[in-house]
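Trainee: I am attaching a structure below and will ask some questions about it afterwards.
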Amino acid sequence: MTSPLQTLTLADDLRISRMGYGAMQLTGPGVYGPPKDRAEAIGVLRAAVELGVTHIDTSDFYGPVVVNELIREALHPYPTDLHIVTKVGVRRSAGGGWITSLDPADLKAQVHENLQHLGLETLDVVNLRTASFGGDASSVAEPFGALADLREQGLIRHLGLSGITESQLTQAQAIAPVVTVQNQYNLADRADDDLVDRCAEEGIAYAAFFPLGGGFSPLRSRILRDVAHRLGATEHQVALAWLLQRSPSMVLIPGTSSVAHLRENIAAAELRLPDEAVVQLDTIGQIAER
């Protein structure tokens with residue numbers, strides 16, 4: 001199937017829709033346990049693919065296991081143009097807590113668990129999620145090297161990083177190619193501006209998580225509301241469209257458990273912001289409510 005959405009080619013065998021789908025919300029509260037409505041969750045995944053999404057972001061620690069099993073139930077056998085991007089580096093406690101786990105042996109186990117629960121023999125892309133979403137000075141050489149070994153073994157095709165700094169990207173690139181970086185970035189949080197530009201220069205996808213700021217809520221800014229009203233769009237759509245126009249290698253993975261909201265998010269890919277609107281929106285980083 002050919003996607004009607006704009007795409008980004010990251011490798012000969014990796015072409016993804018810039019508007020992707022983040023499956024994290026297909027769980028219970030706190031990204032833990034099963035969804036309230038399993039049929040709706042299955043419907044959202046199938047609708048995403050029907051609407052042209054070829055890039056789904058997931059992880060075995062969503063649920064845990066719940067989301068990957070939903071993806072398998074909804075979409076397996078997978079369309080040939082669908083690429084599933086998963087993450088390793090975290091375990092969940094019995095109470096739903098998030099436990100960083102970067103030991104090479106456990107990373108290998110996590111990769112095998114993702115393969116099993118997704119029903120795959122090879123994972124398209126695996127992101128190493130570091131201990132800090134904001135990035136820190138620690139080395140990623142050992143854990144990233146462990147994933148690079150699995151890539152050499154054919155269990156992983158491509159590698160990425162999540163929650164990292166520019167220096168950690170450089171460390172990883174000395175070990176193996178990096179096709180994607182997944183960091184927090186949005187209209188209000190522009191700390192990664194330099195990294196966004198670097199990724200564009202080097203042909204690396206930059207996946208902005210929390211793209212609407214303030215978790216999963218739209219940025220509450222007078223300027224954002226005014227621009228959205230003028231364009232006849234929602235605040236969510238304007239914030240997403242701004243990200244897509246910010247960089248040619250920007251990709252989005254907004255999440256939702258609603259088919260209606262999914263359609264609204266995907267429609268943002270067709271929203272073209274005029275130059276004057278972009279200039280207005282660029283000021284939000286200084287005045288956005290926090």
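Identifiers for the structure tokens are assigned positionally: chains receive A, B, ... in sequence, residues are indexed from 1 per chain, and ligands are indexed from 1 in the order shown.
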If we count only C-alpha atoms and set the cut-off at 10 Å, which residues sit around Ala277 of chain A, ignoring sequence neighbours fewer than 5 positions away in its own chain? Please answer as a ChimeraX atom specification.
Mentor: /A:223-224,226-228,230-231,238,242,272,282
Trainee: Please provide the set of residues having any atom within 10 Å of segment 265-269 of chain A, restricted to only C-alpha atoms, with same-chain residues fewer than 5 positions apart removed, written as a VMD selection string.
Mentor: chain A and resid 5 to 6 18 to 21 48 51 to 53 233 to 234 236 to 245 252 to 256 259 to 260
Trainee: Suppose you want the space between atom CA of Thr58 of chain A and atom CA of Ser247 of chain A; what is it in Å?
Mentor: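 Straight-line distance from atom CA of Thr58 of chain A to atom CA of Ser247 of chain A works out to 23.0 Å.
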Trainee: Residues at most 9 Å from segment 8-14 of chain A, counting only C-alpha atoms, excluding those fewer than 2 positions away in the same chain, as a ChimeraX atom specification?
Mentor: /A:6,16-18,81,83,124,157-158,179-180,203-205,248-251
Trainee: Using only C-alpha atoms, which protein or nucleic acid residues come within 8 Å of Leu45 of chain A? Drop anything in the same chain fewer than 2 positions from it, and give the result as a VMD selection string.
Mentor: chain A and resid 41 to 43 47 to 49 71 74 to 75
Trainee: Would you pick out the contacts of Val66 of chain A at 10 Å or less, using only C-alpha atoms, so that residues sharing its chain but fewer than 6 positions from it are not included, and give the list as a list in words?
Mentor: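 Here the answer would be Met24, Leu26, Thr27, Gly28, Val31, Tyr32, Gly33, Pro34, Pro35, Ser59, Asp60 and His117 of chain A.
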Trainee: Using only C-alpha atoms, what table do you get, as CSV, when you list each residue of segment 23-88 of chain A with an atom no more than 12 Å from segment 159-169 of chain A, its nearest pair of atoms, and their distance in Å rounded to one decimal, rows by chain then rising number?
Mentor:
residue,atom,partner,partner_atom,distance
A:Asp57,CA,A:Ser162,CA,11.9
A:Val85,CA,A:Gly160,CA,9.1
A:Thr86,CA,A:Gly160,CA,9.4
A:Lys87,CA,A:Ser162,CA,8.1
A:Val88,CA,A:Ser162,CA,9.5
Trainee: Go ahead and dump the residues you just picked, N, CA and C atoms, as a PDB file, in the first residue's frame.
Mentor:
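The resulting file, result14.pdb, is shown below:
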ATOM      1  N   ASP A  57       5.174   3.622  16.722  1.00  0.00           N
ATOM      2  CA  ASP A  57       6.125   3.616  17.833  1.00  0.00           C
ATOM      3  C   ASP A  57       5.535   2.824  18.992  1.00  0.00           C
ATOM      4  N   VAL A  85       8.727   0.749  15.250  1.00  0.00           N
ATOM      5  CA  VAL A  85       9.890   1.239  15.988  1.00  0.00           C
ATOM      6  C   VAL A  85       9.653   0.967  17.465  1.00  0.00           C
ATOM      7  N   THR A  86      10.540   0.209  18.085  1.00  0.00           N
ATOM      8  CA  THR A  86      10.364  -0.118  19.492  1.00  0.00           C
ATOM      9  C   THR A  86      11.518   0.422  20.322  1.00  0.00           C
ATOM     10  N   LYS A  87      11.387   0.334  21.637  1.00  0.00           N
ATOM     11  CA  LYS A  87      12.390   0.856  22.562  1.00  0.00           C
ATOM     12  C   LYS A  87      12.746  -0.191  23.601  1.00  0.00           C
ATOM     13  N   VAL A  88      13.995  -0.143  24.054  1.00  0.00           N
ATOM     14  CA  VAL A  88      14.432  -0.961  25.176  1.00  0.00           C
ATOM     15  C   VAL A  88      15.210  -0.070  26.139  1.00  0.00           C
TER      16      VAL A  88
END
Trainee: Run DSSP on the backbone and give me the residues of segment 21-70 of chain A it puts in helix (DSSP H, G or I), as a PyMOL selection string.
Mentor: chain A and resi 23-25+29-31+38-50+66-70
Trainee: Generate a file of the selected residues that holds N, CA, C and O atoms, formatted as a short mmCIF file (atom, residue, chain, number, x, y, z; two decimals), in the first residue's frame.
Mentor:
data_model
loop_
_atom_site.label_atom_id
_atom_site.label_comp_id
_atom_site.auth_asym_id
_atom_site.auth_seq_id
_atom_site.Cartn_x
_atom_site.Cartn_y
_atom_site.Cartn_z
N ALA A 23 1.85 4.31 20.13
CA ALA A 23 0.86 3.37 20.68
C ALA A 23 0.81 3.34 22.20
O ALA A 23 0.08 2.53 22.78
N MET A 24 1.56 4.20 22.86
CA MET A 24 1.67 4.15 24.32
C MET A 24 0.32 4.23 25.04
O MET A 24 0.12 3.62 26.08
N GLN A 25 -0.61 5.00 24.48
CA GLN A 25 -1.88 5.22 25.18
C GLN A 25 -2.86 4.06 25.07
O GLN A 25 -3.96 4.12 25.63
N PRO A 29 -4.55 3.15 32.81
CA PRO A 29 -3.97 4.36 33.39
C PRO A 29 -2.50 4.16 33.76
O PRO A 29 -2.10 3.07 34.20
N GLY A 30 -1.69 5.21 33.55
CA GLY A 30 -0.28 5.12 33.89
C GLY A 30 0.51 4.22 32.95
O GLY A 30 1.59 3.75 33.32
N VAL A 31 0.00 4.01 31.74
CA VAL A 31 0.65 3.14 30.75
C VAL A 31 0.86 1.75 31.35
O VAL A 31 1.88 1.11 31.19
N ARG A 38 -10.76 -2.82 24.58
CA ARG A 38 -9.80 -3.52 23.72
C ARG A 38 -10.20 -3.42 22.25
O ARG A 38 -9.33 -3.23 21.37
N ALA A 39 -11.48 -3.50 21.95
CA ALA A 39 -11.93 -3.42 20.56
C ALA A 39 -11.60 -2.06 19.96
O ALA A 39 -11.20 -1.97 18.79
N GLU A 40 -11.75 -1.00 20.75
CA GLU A 40 -11.42 0.33 20.26
C GLU A 40 -9.92 0.45 20.02
O GLU A 40 -9.48 1.06 19.04
N ALA A 41 -9.12 -0.14 20.90
CA ALA A 41 -7.67 -0.11 20.72
C ALA A 41 -7.26 -0.80 19.42
O ALA A 41 -6.43 -0.29 18.66
N ILE A 42 -7.84 -1.94 19.17
CA ILE A 42 -7.58 -2.66 17.91
C ILE A 42 -8.01 -1.81 16.73
O ILE A 42 -7.32 -1.70 15.71
N GLY A 43 -9.16 -1.15 16.88
CA GLY A 43 -9.68 -0.31 15.81
C GLY A 43 -8.78 0.87 15.50
O GLY A 43 -8.63 1.26 14.33
N VAL A 44 -8.19 1.46 16.53
CA VAL A 44 -7.29 2.60 16.32
C VAL A 44 -6.08 2.16 15.52
O VAL A 44 -5.65 2.85 14.58
N LEU A 45 -5.49 1.04 15.87
CA LEU A 45 -4.31 0.55 15.15
C LEU A 45 -4.63 0.28 13.68
O LEU A 45 -3.86 0.66 12.78
N ARG A 46 -5.75 -0.37 13.44
CA ARG A 46 -6.11 -0.68 12.05
C ARG A 46 -6.45 0.60 11.28
O ARG A 46 -6.09 0.73 10.10
N ALA A 47 -7.09 1.54 11.94
CA ALA A 47 -7.42 2.80 11.27
C ALA A 47 -6.16 3.58 10.91
O ALA A 47 -6.09 4.20 9.85
N ALA A 48 -5.16 3.55 11.80
CA ALA A 48 -3.91 4.26 11.52
C ALA A 48 -3.29 3.76 10.21
O ALA A 48 -2.88 4.55 9.36
N VAL A 49 -3.24 2.45 10.06
CA VAL A 49 -2.66 1.87 8.84
C VAL A 49 -3.53 2.20 7.63
O VAL A 49 -3.03 2.54 6.55
N GLU A 50 -4.84 2.12 7.79
CA GLU A 50 -5.75 2.43 6.68
C GLU A 50 -5.61 3.88 6.24
O GLU A 50 -5.78 4.21 5.05
N VAL A 66 1.34 -5.38 26.88
CA VAL A 66 -0.02 -5.17 26.38
C VAL A 66 -0.03 -4.57 24.97
O VAL A 66 -0.70 -5.08 24.07
N VAL A 67 0.71 -3.49 24.76
CA VAL A 67 0.63 -2.79 23.48
C VAL A 67 1.20 -3.63 22.34
O VAL A 67 0.60 -3.70 21.26
N ASN A 68 2.33 -4.27 22.57
CA ASN A 68 2.89 -5.10 21.50
C ASN A 68 1.96 -6.25 21.12
O ASN A 68 1.84 -6.60 19.94
N GLU A 69 1.30 -6.82 22.09
CA GLU A 69 0.36 -7.89 21.78
C GLU A 69 -0.87 -7.36 21.03
O GLU A 69 -1.41 -8.04 20.15
N LEU A 70 -1.29 -6.14 21.35
CA LEU A 70 -2.39 -5.52 20.61
C LEU A 70 -1.99 -5.27 19.16
O LEU A 70 -2.77 -5.50 18.24
#
Trainee: Can you list every residue in segment 69-170 of chain A that DSSP puts in strand (DSSP E), as a PDB file with all heavy atoms, in the first residue's frame?
Mentor:
ATOM      1  N   HIS A  83       6.491   0.003   9.288  1.00  0.00           N
ATOM      2  CA  HIS A  83       7.704  -0.110  10.095  1.00  0.00           C
ATOM      3  C   HIS A  83       7.365   0.145  11.557  1.00  0.00           C
ATOM      4  O   HIS A  83       6.797   1.185  11.904  1.00  0.00           O
ATOM      5  CB  HIS A  83       8.767   0.860   9.607  1.00  0.00           C
ATOM      6  CG  HIS A  83       9.210   0.577   8.201  1.00  0.00           C
ATOM      7  ND1 HIS A  83       9.999  -0.507   7.875  1.00  0.00           N
ATOM      8  CD2 HIS A  83       8.925   1.216   7.032  1.00  0.00           C
ATOM      9  CE1 HIS A  83      10.218  -0.511   6.572  1.00  0.00           C
ATOM     10  NE2 HIS A  83       9.567   0.506   6.041  1.00  0.00           N
ATOM     11  N   ILE A  84       7.718  -0.815  12.394  1.00  0.00           N
ATOM     12  CA  ILE A  84       7.464  -0.723  13.831  1.00  0.00           C
ATOM     13  C   ILE A  84       8.764  -0.361  14.524  1.00  0.00           C
ATOM     14  O   ILE A  84       9.771  -1.051  14.387  1.00  0.00           O
ATOM     15  CB  ILE A  84       6.898  -2.050  14.368  1.00  0.00           C
ATOM     16  CG1 ILE A  84       5.549  -2.346  13.700  1.00  0.00           C
ATOM     17  CG2 ILE A  84       6.744  -1.989  15.879  1.00  0.00           C
ATOM     18  CD1 ILE A  84       4.967  -3.694  14.054  1.00  0.00           C
ATOM     19  N   VAL A  85       8.727   0.749  15.250  1.00  0.00           N
ATOM     20  CA  VAL A  85       9.890   1.239  15.988  1.00  0.00           C
ATOM     21  C   VAL A  85       9.653   0.967  17.465  1.00  0.00           C
ATOM     22  O   VAL A  85       8.659   1.427  18.033  1.00  0.00           O
ATOM     23  CB  VAL A  85      10.097   2.749  15.755  1.00  0.00           C
ATOM     24  CG1 VAL A  85      11.292   3.267  16.556  1.00  0.00           C
ATOM     25  CG2 VAL A  85      10.284   3.037  14.275  1.00  0.00           C
ATOM     26  N   THR A  86      10.540   0.209  18.085  1.00  0.00           N
ATOM     27  CA  THR A  86      10.364  -0.118  19.492  1.00  0.00           C
ATOM     28  C   THR A  86      11.518   0.422  20.322  1.00  0.00           C
ATOM     29  O   THR A  86      12.489   0.949  19.785  1.00  0.00           O
ATOM     30  CB  THR A  86      10.201  -1.637  19.693  1.00  0.00           C
ATOM     31  OG1 THR A  86       9.762  -1.889  21.033  1.00  0.00           O
ATOM     32  CG2 THR A  86      11.488  -2.383  19.415  1.00  0.00           C
ATOM     33  N   LYS A  87      11.387   0.334  21.637  1.00  0.00           N
ATOM     34  CA  LYS A  87      12.390   0.856  22.562  1.00  0.00           C
ATOM     35  C   LYS A  87      12.746  -0.191  23.601  1.00  0.00           C
ATOM     36  O   LYS A  87      11.892  -0.981  24.002  1.00  0.00           O
ATOM     37  CB  LYS A  87      11.858   2.109  23.291  1.00  0.00           C
ATOM     38  CG  LYS A  87      11.756   3.340  22.441  1.00  0.00           C
ATOM     39  CD  LYS A  87      11.169   4.497  23.227  1.00  0.00           C
ATOM     40  CE  LYS A  87       9.693   4.297  23.547  1.00  0.00           C
ATOM     41  NZ  LYS A  87       8.838   4.221  22.359  1.00  0.00           N
ATOM     42  N   VAL A  88      13.995  -0.143  24.054  1.00  0.00           N
ATOM     43  CA  VAL A  88      14.432  -0.961  25.176  1.00  0.00           C
ATOM     44  C   VAL A  88      15.210  -0.070  26.139  1.00  0.00           C
ATOM     45  O   VAL A  88      15.632   1.027  25.797  1.00  0.00           O
ATOM     46  CB  VAL A  88      15.312  -2.144  24.720  1.00  0.00           C
ATOM     47  CG1 VAL A  88      14.511  -3.126  23.874  1.00  0.00           C
ATOM     48  CG2 VAL A  88      16.540  -1.654  23.949  1.00  0.00           C
ATOM     49  N   VAL A  90      14.127  -0.140  29.690  1.00  0.00           N
ATOM     50  CA  VAL A  90      13.253   0.063  30.855  1.00  0.00           C
ATOM     51  C   VAL A  90      12.527  -1.235  31.174  1.00  0.00           C
ATOM     52  O   VAL A  90      12.129  -1.986  30.283  1.00  0.00           O
ATOM     53  CB  VAL A  90      12.216   1.179  30.584  1.00  0.00           C
ATOM     54  CG1 VAL A  90      11.155   1.224  31.673  1.00  0.00           C
ATOM     55  CG2 VAL A  90      12.907   2.529  30.472  1.00  0.00           C
ATOM     56  N   ARG A  91      12.372  -1.479  32.460  1.00  0.00           N
ATOM     57  CA  ARG A  91      11.484  -2.531  32.963  1.00  0.00           C
ATOM     58  C   ARG A  91      10.389  -1.867  33.804  1.00  0.00           C
ATOM     59  O   ARG A  91      10.522  -0.719  34.231  1.00  0.00           O
ATOM     60  CB  ARG A  91      12.262  -3.522  33.833  1.00  0.00           C
ATOM     61  CG  ARG A  91      13.258  -4.392  33.066  1.00  0.00           C
ATOM     62  CD  ARG A  91      12.558  -5.409  32.226  1.00  0.00           C
ATOM     63  NE  ARG A  91      13.469  -6.391  31.626  1.00  0.00           N
ATOM     64  CZ  ARG A  91      13.068  -7.364  30.827  1.00  0.00           C
ATOM     65  NH1 ARG A  91      11.784  -7.504  30.539  1.00  0.00           N
ATOM     66  NH2 ARG A  91      13.943  -8.208  30.296  1.00  0.00           N
ATOM     67  N   ARG A  92       9.300  -2.576  34.041  1.00  0.00           N
ATOM     68  CA  ARG A  92       8.210  -2.058  34.869  1.00  0.00           C
ATOM     69  C   ARG A  92       8.122  -2.854  36.163  1.00  0.00           C
ATOM     70  O   ARG A  92       8.253  -4.079  36.170  1.00  0.00           O
ATOM     71  CB  ARG A  92       6.873  -2.153  34.126  1.00  0.00           C
ATOM     72  CG  ARG A  92       6.853  -1.438  32.781  1.00  0.00           C
ATOM     73  CD  ARG A  92       7.079   0.072  32.910  1.00  0.00           C
ATOM     74  NE  ARG A  92       6.003   0.730  33.627  1.00  0.00           N
ATOM     75  CZ  ARG A  92       4.854   1.119  33.076  1.00  0.00           C
ATOM     76  NH1 ARG A  92       4.643   0.893  31.783  1.00  0.00           N
ATOM     77  NH2 ARG A  92       3.925   1.724  33.788  1.00  0.00           N
ATOM     78  N   TRP A  98       8.669   2.749  36.668  1.00  0.00           N
ATOM     79  CA  TRP A  98       9.575   2.675  35.532  1.00  0.00           C
ATOM     80  C   TRP A  98      10.990   2.466  36.068  1.00  0.00           C
ATOM     81  O   TRP A  98      11.505   3.288  36.826  1.00  0.00           O
ATOM     82  CB  TRP A  98       9.504   3.958  34.707  1.00  0.00           C
ATOM     83  CG  TRP A  98       8.123   4.297  34.230  1.00  0.00           C
ATOM     84  CD1 TRP A  98       7.109   4.824  34.972  1.00  0.00           C
ATOM     85  CD2 TRP A  98       7.608   4.114  32.912  1.00  0.00           C
ATOM     86  NE1 TRP A  98       5.984   4.983  34.199  1.00  0.00           N
ATOM     87  CE2 TRP A  98       6.260   4.561  32.926  1.00  0.00           C
ATOM     88  CE3 TRP A  98       8.146   3.625  31.726  1.00  0.00           C
ATOM     89  CZ2 TRP A  98       5.456   4.527  31.798  1.00  0.00           C
ATOM     90  CZ3 TRP A  98       7.344   3.601  30.599  1.00  0.00           C
ATOM     91  CH2 TRP A  98       6.006   4.038  30.633  1.00  0.00           C
ATOM     92  N   ILE A  99      11.619   1.376  35.669  1.00  0.00           N
ATOM     93  CA  ILE A  99      12.934   1.012  36.184  1.00  0.00           C
ATOM     94  C   ILE A  99      13.926   0.959  35.015  1.00  0.00           C
ATOM     95  O   ILE A  99      13.783   0.140  34.103  1.00  0.00           O
ATOM     96  CB  ILE A  99      12.890  -0.368  36.875  1.00  0.00           C
ATOM     97  CG1 ILE A  99      11.831  -0.368  37.989  1.00  0.00           C
ATOM     98  CG2 ILE A  99      14.264  -0.730  37.433  1.00  0.00           C
ATOM     99  CD1 ILE A  99      11.520  -1.750  38.522  1.00  0.00           C
ATOM    100  N   THR A 100      14.909   1.844  35.039  1.00  0.00           N
ATOM    101  CA  THR A 100      15.926   1.828  33.994  1.00  0.00           C
ATOM    102  C   THR A 100      16.706   0.522  34.045  1.00  0.00           C
ATOM    103  O   THR A 100      17.118   0.075  35.112  1.00  0.00           O
ATOM    104  CB  THR A 100      16.884   3.021  34.157  1.00  0.00           C
ATOM    105  OG1 THR A 100      16.147   4.231  34.017  1.00  0.00           O
ATOM    106  CG2 THR A 100      17.984   2.985  33.111  1.00  0.00           C
ATOM    107  N   LEU A 123      13.590  -6.868  14.198  1.00  0.00           N
ATOM    108  CA  LEU A 123      12.963  -5.593  14.526  1.00  0.00           C
ATOM    109  C   LEU A 123      13.487  -4.520  13.583  1.00  0.00           C
ATOM    110  O   LEU A 123      14.690  -4.396  13.368  1.00  0.00           O
ATOM    111  CB  LEU A 123      13.271  -5.204  15.972  1.00  0.00           C
ATOM    112  CG  LEU A 123      12.722  -6.155  17.044  1.00  0.00           C
ATOM    113  CD1 LEU A 123      13.285  -5.804  18.408  1.00  0.00           C
ATOM    114  CD2 LEU A 123      11.193  -6.113  17.074  1.00  0.00           C
ATOM    115  N   ASP A 124      12.580  -3.736  13.001  1.00  0.00           N
ATOM    116  CA  ASP A 124      12.985  -2.694  12.053  1.00  0.00           C
ATOM    117  C   ASP A 124      13.918  -1.672  12.697  1.00  0.00           C
ATOM    118  O   ASP A 124      14.983  -1.367  12.172  1.00  0.00           O
ATOM    119  CB  ASP A 124      11.748  -1.962  11.514  1.00  0.00           C
ATOM    120  CG  ASP A 124      11.079  -2.709  10.379  1.00  0.00           C
ATOM    121  OD1 ASP A 124      11.749  -3.545   9.747  1.00  0.00           O
ATOM    122  OD2 ASP A 124       9.894  -2.462  10.124  1.00  0.00           O
ATOM    123  N   VAL A 125      13.473  -1.105  13.815  1.00  0.00           N
ATOM    124  CA  VAL A 125      14.263  -0.093  14.523  1.00  0.00           C
ATOM    125  C   VAL A 125      14.113  -0.317  16.018  1.00  0.00           C
ATOM    126  O   VAL A 125      13.006  -0.519  16.514  1.00  0.00           O
ATOM    127  CB  VAL A 125      13.799   1.347  14.198  1.00  0.00           C
ATOM    128  CG1 VAL A 125      14.707   2.369  14.882  1.00  0.00           C
ATOM    129  CG2 VAL A 125      13.754   1.593  12.691  1.00  0.00           C
ATOM    130  N   VAL A 126      15.233  -0.272  16.724  1.00  0.00           N
ATOM    131  CA  VAL A 126      15.213  -0.336  18.188  1.00  0.00           C
ATOM    132  C   VAL A 126      15.905   0.909  18.724  1.00  0.00           C
ATOM    133  O   VAL A 126      17.059   1.191  18.400  1.00  0.00           O
ATOM    134  CB  VAL A 126      15.924  -1.602  18.713  1.00  0.00           C
ATOM    135  CG1 VAL A 126      15.999  -1.559  20.242  1.00  0.00           C
ATOM    136  CG2 VAL A 126      15.190  -2.851  18.265  1.00  0.00           C
ATOM    137  N   ASN A 127      15.181   1.661  19.547  1.00  0.00           N
ATOM    138  CA  ASN A 127      15.738   2.827  20.216  1.00  0.00           C
ATOM    139  C   ASN A 127      16.228   2.443  21.605  1.00  0.00           C
ATOM    140  O   ASN A 127      15.510   1.754  22.349  1.00  0.00           O
ATOM    141  CB  ASN A 127      14.691   3.929  20.364  1.00  0.00           C
ATOM    142  CG  ASN A 127      14.388   4.632  19.059  1.00  0.00           C
ATOM    143  OD1 ASN A 127      15.271   4.829  18.236  1.00  0.00           O
ATOM    144  ND2 ASN A 127      13.134   5.009  18.863  1.00  0.00           N
ATOM    145  N   LEU A 128      17.415   2.898  21.960  1.00  0.00           N
ATOM    146  CA  LEU A 128      17.908   2.759  23.322  1.00  0.00           C
ATOM    147  C   LEU A 128      17.401   3.938  24.126  1.00  0.00           C
ATOM    148  O   LEU A 128      17.742   5.084  23.844  1.00  0.00           O
ATOM    149  CB  LEU A 128      19.435   2.739  23.342  1.00  0.00           C
ATOM    150  CG  LEU A 128      20.067   2.725  24.744  1.00  0.00           C
ATOM    151  CD1 LEU A 128      19.791   1.405  25.447  1.00  0.00           C
ATOM    152  CD2 LEU A 128      21.567   2.989  24.655  1.00  0.00           C
ATOM    153  N   ARG A 129      16.551   3.671  25.109  1.00  0.00           N
ATOM    154  CA  ARG A 129      16.050   4.746  25.973  1.00  0.00           C
ATOM    155  C   ARG A 129      16.988   4.894  27.155  1.00  0.00           C
ATOM    156  O   ARG A 129      17.168   3.961  27.940  1.00  0.00           O
ATOM    157  CB  ARG A 129      14.631   4.455  26.465  1.00  0.00           C
ATOM    158  CG  ARG A 129      13.845   5.732  26.701  1.00  0.00           C
ATOM    159  CD  ARG A 129      12.869   5.631  27.841  1.00  0.00           C
ATOM    160  NE  ARG A 129      13.539   5.883  29.114  1.00  0.00           N
ATOM    161  CZ  ARG A 129      12.909   6.026  30.274  1.00  0.00           C
ATOM    162  NH1 ARG A 129      11.606   5.926  30.322  1.00  0.00           N
ATOM    163  NH2 ARG A 129      13.576   6.246  31.376  1.00  0.00           N
ATOM    164  N   ILE A 156      18.145  -6.988  14.653  1.00  0.00           N
ATOM    165  CA  ILE A 156      17.736  -5.590  14.536  1.00  0.00           C
ATOM    166  C   ILE A 156      18.271  -5.063  13.209  1.00  0.00           C
ATOM    167  O   ILE A 156      19.415  -5.337  12.853  1.00  0.00           O
ATOM    168  CB  ILE A 156      18.318  -4.738  15.690  1.00  0.00           C
ATOM    169  CG1 ILE A 156      17.858  -5.262  17.052  1.00  0.00           C
ATOM    170  CG2 ILE A 156      17.930  -3.269  15.525  1.00  0.00           C
ATOM    171  CD1 ILE A 156      18.594  -4.604  18.213  1.00  0.00           C
ATOM    172  N   ARG A 157      17.452  -4.302  12.482  1.00  0.00           N
ATOM    173  CA  ARG A 157      17.936  -3.708  11.232  1.00  0.00           C
ATOM    174  C   ARG A 157      18.591  -2.345  11.460  1.00  0.00           C
ATOM    175  O   ARG A 157      19.614  -2.040  10.867  1.00  0.00           O
ATOM    176  CB  ARG A 157      16.771  -3.564  10.245  1.00  0.00           C
ATOM    177  CG  ARG A 157      16.249  -4.889   9.713  1.00  0.00           C
ATOM    178  CD  ARG A 157      15.305  -4.690   8.535  1.00  0.00           C
ATOM    179  NE  ARG A 157      14.835  -5.984   8.039  1.00  0.00           N
ATOM    180  CZ  ARG A 157      13.711  -6.571   8.436  1.00  0.00           C
ATOM    181  NH1 ARG A 157      12.931  -5.978   9.352  1.00  0.00           N
ATOM    182  NH2 ARG A 157      13.355  -7.753   7.956  1.00  0.00           N
ATOM    183  N   HIS A 158      17.959  -1.522  12.309  1.00  0.00           N
ATOM    184  CA  HIS A 158      18.452  -0.157  12.490  1.00  0.00           C
ATOM    185  C   HIS A 158      18.345   0.237  13.965  1.00  0.00           C
ATOM    186  O   HIS A 158      17.507  -0.305  14.709  1.00  0.00           O
ATOM    187  CB  HIS A 158      17.643   0.827  11.640  1.00  0.00           C
ATOM    188  CG  HIS A 158      17.673   0.508  10.177  1.00  0.00           C
ATOM    189  ND1 HIS A 158      18.756   0.785   9.376  1.00  0.00           N
ATOM    190  CD2 HIS A 158      16.751  -0.093   9.368  1.00  0.00           C
ATOM    191  CE1 HIS A 158      18.512   0.384   8.148  1.00  0.00           C
ATOM    192  NE2 HIS A 158      17.302  -0.160   8.110  1.00  0.00           N
ATOM    193  N   LEU A 159      19.173   1.215  14.352  1.00  0.00           N
ATOM    194  CA  LEU A 159      19.252   1.628  15.752  1.00  0.00           C
ATOM    195  C   LEU A 159      18.927   3.105  15.916  1.00  0.00           C
ATOM    196  O   LEU A 159      19.172   3.922  15.021  1.00  0.00           O
ATOM    197  CB  LEU A 159      20.648   1.353  16.304  1.00  0.00           C
ATOM    198  CG  LEU A 159      21.089  -0.111  16.337  1.00  0.00           C
ATOM    199  CD1 LEU A 159      22.554  -0.210  16.749  1.00  0.00           C
ATOM    200  CD2 LEU A 159      20.207  -0.922  17.283  1.00  0.00           C
ATOM    201  N   GLY A 160      18.398   3.431  17.087  1.00  0.00           N
ATOM    202  CA  GLY A 160      18.111   4.819  17.431  1.00  0.00           C
ATOM    203  C   GLY A 160      18.350   5.056  18.906  1.00  0.00           C
ATOM    204  O   GLY A 160      18.754   4.151  19.653  1.00  0.00           O
ATOM    205  N   LEU A 161      18.078   6.293  19.341  1.00  0.00           N
ATOM    206  CA  LEU A 161      18.319   6.711  20.724  1.00  0.00           C
ATOM    207  C   LEU A 161      17.133   7.525  21.219  1.00  0.00           C
ATOM    208  O   LEU A 161      16.479   8.230  20.441  1.00  0.00           O
ATOM    209  CB  LEU A 161      19.586   7.570  20.807  1.00  0.00           C
ATOM    210  CG  LEU A 161      20.904   6.898  20.408  1.00  0.00           C
ATOM    211  CD1 LEU A 161      21.929   7.955  20.024  1.00  0.00           C
ATOM    212  CD2 LEU A 161      21.417   6.041  21.562  1.00  0.00           C
ATOM    213  N   SER A 162      16.875   7.465  22.519  1.00  0.00           N
ATOM    214  CA  SER A 162      15.766   8.214  23.101  1.00  0.00           C
ATOM    215  C   SER A 162      16.214   8.881  24.396  1.00  0.00           C
ATOM    216  O   SER A 162      16.804   8.236  25.268  1.00  0.00           O
ATOM    217  CB  SER A 162      14.586   7.269  23.385  1.00  0.00           C
ATOM    218  OG  SER A 162      13.528   7.961  24.014  1.00  0.00           O
TER     219      SER A 162
END
Trainee: What gap, in Å, lies between atom CA of Glu152 of chain A and atom CA of Gln182 of chain A?
Mentor: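 Rounded to one decimal, the two atoms are 22.5 Å apart.
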Trainee: Can you work out which one of A:Leu187, A:Gly145, A:Asp194, A:Ala200 has the shortest atom-to-atom distance to Gln280 of chain A, counting only C-alpha atoms?
Mentor: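 Distance minimum relative to Gln280 of chain A lands on A:Leu187.
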Trainee: Please list as a ChimeraX atom specification every residue within 9 Å of Ala105 of chain A, counting only C-alpha atoms and excluding residues in the same chain fewer than 4 positions away.
Mentor: /A:109-110,146
Trainee: Let me make sure I understand: among A:Leu102, A:Leu115, A:Leu155, A:Leu107, which one has the smallest atom-to-atom distance to Thr130 of chain A if we use only C-alpha atoms?
Mentor: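 Residue with the minimum atom-to-atom distance to Thr130 of chain A: A:Leu102.
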Trainee: Nearest residue to Leu273 of chain A out of A:Ala131, A:Gly119, A:Pro64, A:Arg246, using only C-alpha atoms?
Mentor: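 Under the stated criterion, the closest residue is A:Arg246.
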